[in-house]
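Visitor: Please see the structure below; I have some questions.
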Amino acid sequence: MLTPSKAARIKDIATLDGIRDNQLVGYGLVVGLDGTGDKTSQLLYTEQTFRNMLLEFGIRLPPNKRLQSKNIAAVALSATLPPFASIGQKIDVTISSLGDAKSLRGGTLLLAPLKGADKNVYAMAQGNVVVSGFGAQGRDGSKVTVNVTATGRIPNGATVEKTVHMPYIKNSHIKFLLNQPDFTTAERIARTINDEYGFQVAQPLSAGAVAVKLTKSVHKDNFMKGNSYVKFISGIENLTVQPGEVAAKVIVNSRSGTIVLGQDVTISPVAVSHGNLSVSVTENPQVSQPNALSLGQTRRVNDSDVQINQQTSRAFLLKPGPTLKQLVDAINRVGAAPGDLVAILEAVKEAGALHGELEVI
């Protein structure tokens, strides 16, 4: 019987091979800004884009006349095309300024294509830009900015124009890819599927993949019209499995001092001594005044005072196999700062007393 705290659905720990998102990118023009757009006299690509847009409507500007408009901005578009997206479906679009526009608030994105990595157009974007940031500036140069005003979003701002074929059934097999590769978890997933259907239909291929064969016996009762295996795959995704225990690991963020220790981390007997050494240098500038009639010159002389302060080191002993709480309490008794704690753990790992993987991010 699986305990609810440790049991997980297969759909939560694995994904079906062949089903994925696709990233889209594009370039466009935002108009209608309140004087916060690009300086077209300095950014040639913004002016060129605006001229090209006017040519589409039969308007040709004099080539020797520079634009002075501050109400337009060149922007980059980005969106994610979800799997099984259909033509006509709406997706969100993120708008980011490419030039020196101060804010995109109140602007409108003109019709722009969104392309995939294969250079094909998969969606068309257009709409009013929503900016969560706010900015204000005075004549003396002082300004206040809340969040980022040069980036915005258009909810449901793009319409899908082309679909992406995703063949998730290959050679009468489907494959589940584990989010965290683990041999134990892969074996348990295959065993759970086989126990559910009463015969060998699933087989672990590696620590990160489990293959399921779509035989006639499998889809005899689950087969739907249109040669669809949706009901069968849905039944597999909702099966519960107890994942294998994760490997003992210590995660250290050297920048913020954050340390996360797994529950299976153990320590062999080891003695740790840690002390702090601080060096302070104080500059006391002084003036050297020569005696009268000595023909000397007044000079500035630096007087440096160097002090070294070394705190008394404290040592502590870690007994065999301490628990996570005992390890943290022992280090805290030394009064170690987060940076010192990182140094202690690295030294214990190098000594071979830390049984677990030490990962510094």
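The chains in the structure tokens are called A, B, ... from first to last as shown; in each chain the residues are counted from 1, and the ligands are counted from 1 in the order shown.
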Please list as number ranges by chain every residue within 9 Å of Ile10 of chain A, counting only C-alpha atoms and excluding residues in the same chain fewer than 5 positions away.
Guide: A: 15, 176, 178, 189, 236-241
Visitor: Please compute the atom CA of Ala85 of chain A-atom CA of Met166 of chain A distance, one decimal, in Å.
Guide: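 Calculated distance between atom CA of Ala85 of chain A and atom CA of Met166 of chain A is 10.6 Å.
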Visitor: DSSP on the backbone: what in segment 12-81 of chain A comes out strand (DSSP E), as an MDAnalysis selection string?
Guide: chainID A and resid 14:16 22:31 73:81
Visitor: Report the distance between atom CA of Thr184 of chain A and atom CA of Leu205 of chain A in Å, rounded to one decimal place.
Guide: 12.1 Å
Visitor: Between A:Thr80, A:Asn120, A:Gln42, A:Gln289, which residue has the minimum interatomic distance to Asp92 of chain A, considering only C-alpha atoms?
Guide: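 Of the candidates, the smallest distance to Asp92 of chain A is held by A:Thr80.
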Visitor: Extract, using only C-alpha atoms, all DNA, RNA and protein residues at most 12 Å from Glu47 of chain A, discarding same-chain residues fewer than 2 positions from it, and format them as an NGL selection string.
Guide: :A and (29 or 37-45 or 49-54 or 61 or 63 or 65-74 or 99)
Visitor: Export, as an mmCIF file, in the first residue's frame, the selected residues with N, CA and C atoms.
Guide:
```cif
data_model
loop_
_atom_site.group_PDB
_atom_site.id
_atom_site.type_symbol
_atom_site.label_atom_id
_atom_site.label_comp_id
_atom_site.auth_asym_id
_atom_site.auth_seq_id
_atom_site.Cartn_x
_atom_site.Cartn_y
_atom_site.Cartn_z
ATOM 1 N N LEU A 29 6.585 46.478 -34.192
ATOM 2 C CA LEU A 29 6.589 47.913 -33.927
ATOM 3 C C LEU A 29 5.422 48.249 -33.012
ATOM 4 N N GLY A 37 8.842 56.650 -26.640
ATOM 5 C CA GLY A 37 9.365 55.670 -27.580
ATOM 6 C C GLY A 37 10.829 55.872 -27.898
ATOM 7 N N ASP A 38 11.280 55.205 -28.963
ATOM 8 C CA ASP A 38 12.675 55.296 -29.379
ATOM 9 C C ASP A 38 12.972 56.676 -29.972
ATOM 10 N N LYS A 39 14.231 57.073 -29.866
ATOM 11 C CA LYS A 39 14.693 58.275 -30.541
ATOM 12 C C LYS A 39 15.058 57.889 -31.976
ATOM 13 N N THR A 40 14.114 58.066 -32.871
ATOM 14 C CA THR A 40 14.293 57.585 -34.244
ATOM 15 C C THR A 40 15.457 58.269 -34.951
ATOM 16 N N SER A 41 15.844 59.455 -34.491
ATOM 17 C CA SER A 41 16.976 60.139 -35.125
ATOM 18 C C SER A 41 18.293 59.449 -34.813
ATOM 19 N N GLN A 42 18.306 58.581 -33.794
ATOM 20 C CA GLN A 42 19.518 57.875 -33.410
ATOM 21 C C GLN A 42 19.460 56.386 -33.727
ATOM 22 N N LEU A 43 18.266 55.809 -33.744
ATOM 23 C CA LEU A 43 18.106 54.379 -34.017
ATOM 24 C C LEU A 43 17.586 54.201 -35.432
ATOM 25 N N LEU A 44 18.477 53.787 -36.330
ATOM 26 C CA LEU A 44 18.114 53.677 -37.733
ATOM 27 C C LEU A 44 17.141 52.539 -37.994
ATOM 28 N N TYR A 45 17.245 51.434 -37.229
ATOM 29 C CA TYR A 45 16.369 50.299 -37.528
ATOM 30 C C TYR A 45 14.917 50.608 -37.166
ATOM 31 N N THR A 49 12.060 50.421 -40.022
ATOM 32 C CA THR A 49 10.862 49.603 -39.839
ATOM 33 C C THR A 49 9.606 50.425 -40.066
ATOM 34 N N PHE A 50 9.617 51.651 -39.559
ATOM 35 C CA PHE A 50 8.451 52.515 -39.728
ATOM 36 C C PHE A 50 8.244 52.874 -41.207
ATOM 37 N N ARG A 51 9.336 53.141 -41.921
ATOM 38 C CA ARG A 51 9.224 53.446 -43.347
ATOM 39 C C ARG A 51 8.685 52.245 -44.122
ATOM 40 N N ASN A 52 9.182 51.053 -43.796
ATOM 41 C CA ASN A 52 8.709 49.845 -44.482
ATOM 42 C C ASN A 52 7.227 49.608 -44.227
ATOM 43 N N MET A 53 6.769 49.925 -43.005
ATOM 44 C CA MET A 53 5.357 49.742 -42.698
ATOM 45 C C MET A 53 4.500 50.691 -43.537
ATOM 46 N N LEU A 54 4.954 51.935 -43.668
ATOM 47 C CA LEU A 54 4.187 52.896 -44.466
ATOM 48 C C LEU A 54 4.155 52.496 -45.945
ATOM 49 N N LEU A 61 7.917 58.059 -47.783
ATOM 50 C CA LEU A 61 8.480 59.260 -47.187
ATOM 51 C C LEU A 61 9.718 59.699 -47.962
ATOM 52 N N PRO A 63 13.373 60.268 -48.818
ATOM 53 C CA PRO A 63 14.528 59.570 -48.266
ATOM 54 C C PRO A 63 15.484 60.466 -47.504
ATOM 55 N N LYS A 65 14.657 62.958 -45.522
ATOM 56 C CA LYS A 65 14.016 63.565 -44.358
ATOM 57 C C LYS A 65 14.009 62.557 -43.211
ATOM 58 N N ARG A 66 14.602 62.954 -42.063
ATOM 59 C CA ARG A 66 14.667 62.075 -40.894
ATOM 60 C C ARG A 66 13.405 62.228 -40.048
ATOM 61 N N LEU A 67 12.984 61.131 -39.464
ATOM 62 C CA LEU A 67 11.801 61.147 -38.598
ATOM 63 C C LEU A 67 12.165 61.680 -37.221
ATOM 64 N N GLN A 68 11.235 62.367 -36.585
ATOM 65 C CA GLN A 68 11.447 62.910 -35.253
ATOM 66 C C GLN A 68 10.407 62.387 -34.260
ATOM 67 N N SER A 69 9.711 61.351 -34.635
ATOM 68 C CA SER A 69 8.646 60.840 -33.780
ATOM 69 C C SER A 69 9.220 60.098 -32.571
ATOM 70 N N LYS A 70 8.600 60.301 -31.410
ATOM 71 C CA LYS A 70 8.967 59.591 -30.182
ATOM 72 C C LYS A 70 7.831 58.697 -29.691
ATOM 73 N N ASN A 71 6.888 58.412 -30.579
ATOM 74 C CA ASN A 71 5.723 57.630 -30.190
ATOM 75 C C ASN A 71 5.771 56.197 -30.705
ATOM 76 N N ILE A 72 6.893 55.778 -31.281
ATOM 77 C CA ILE A 72 7.028 54.420 -31.788
ATOM 78 C C ILE A 72 8.255 53.767 -31.164
ATOM 79 N N ALA A 73 8.255 52.436 -31.109
ATOM 80 C CA ALA A 73 9.372 51.697 -30.529
ATOM 81 C C ALA A 73 9.504 50.347 -31.215
ATOM 82 N N ALA A 74 10.724 49.979 -31.540
ATOM 83 C CA ALA A 74 11.000 48.647 -32.081
ATOM 84 C C ALA A 74 11.076 47.653 -30.930
ATOM 85 N N GLY A 99 15.242 49.201 -28.366
ATOM 86 C CA GLY A 99 15.961 50.467 -28.437
ATOM 87 C C GLY A 99 16.036 51.167 -27.093
#
```
Visitor: For the atom pair atom CA of Ile87 of chain A and atom CA of Gln23 of chain A, what is the interatomic distance in Å to one decimal place?
Guide: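 It comes out at 16.4 Å.
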Visitor: Would you mind telling me which residue in A:Leu24, A:Glu196, A:Thr46, A:Gln286 lies nearest to Thr298 of chain A when using only C-alpha atoms?
Guide: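 Closest residue, counting only C-alpha atoms: A:Gln286.
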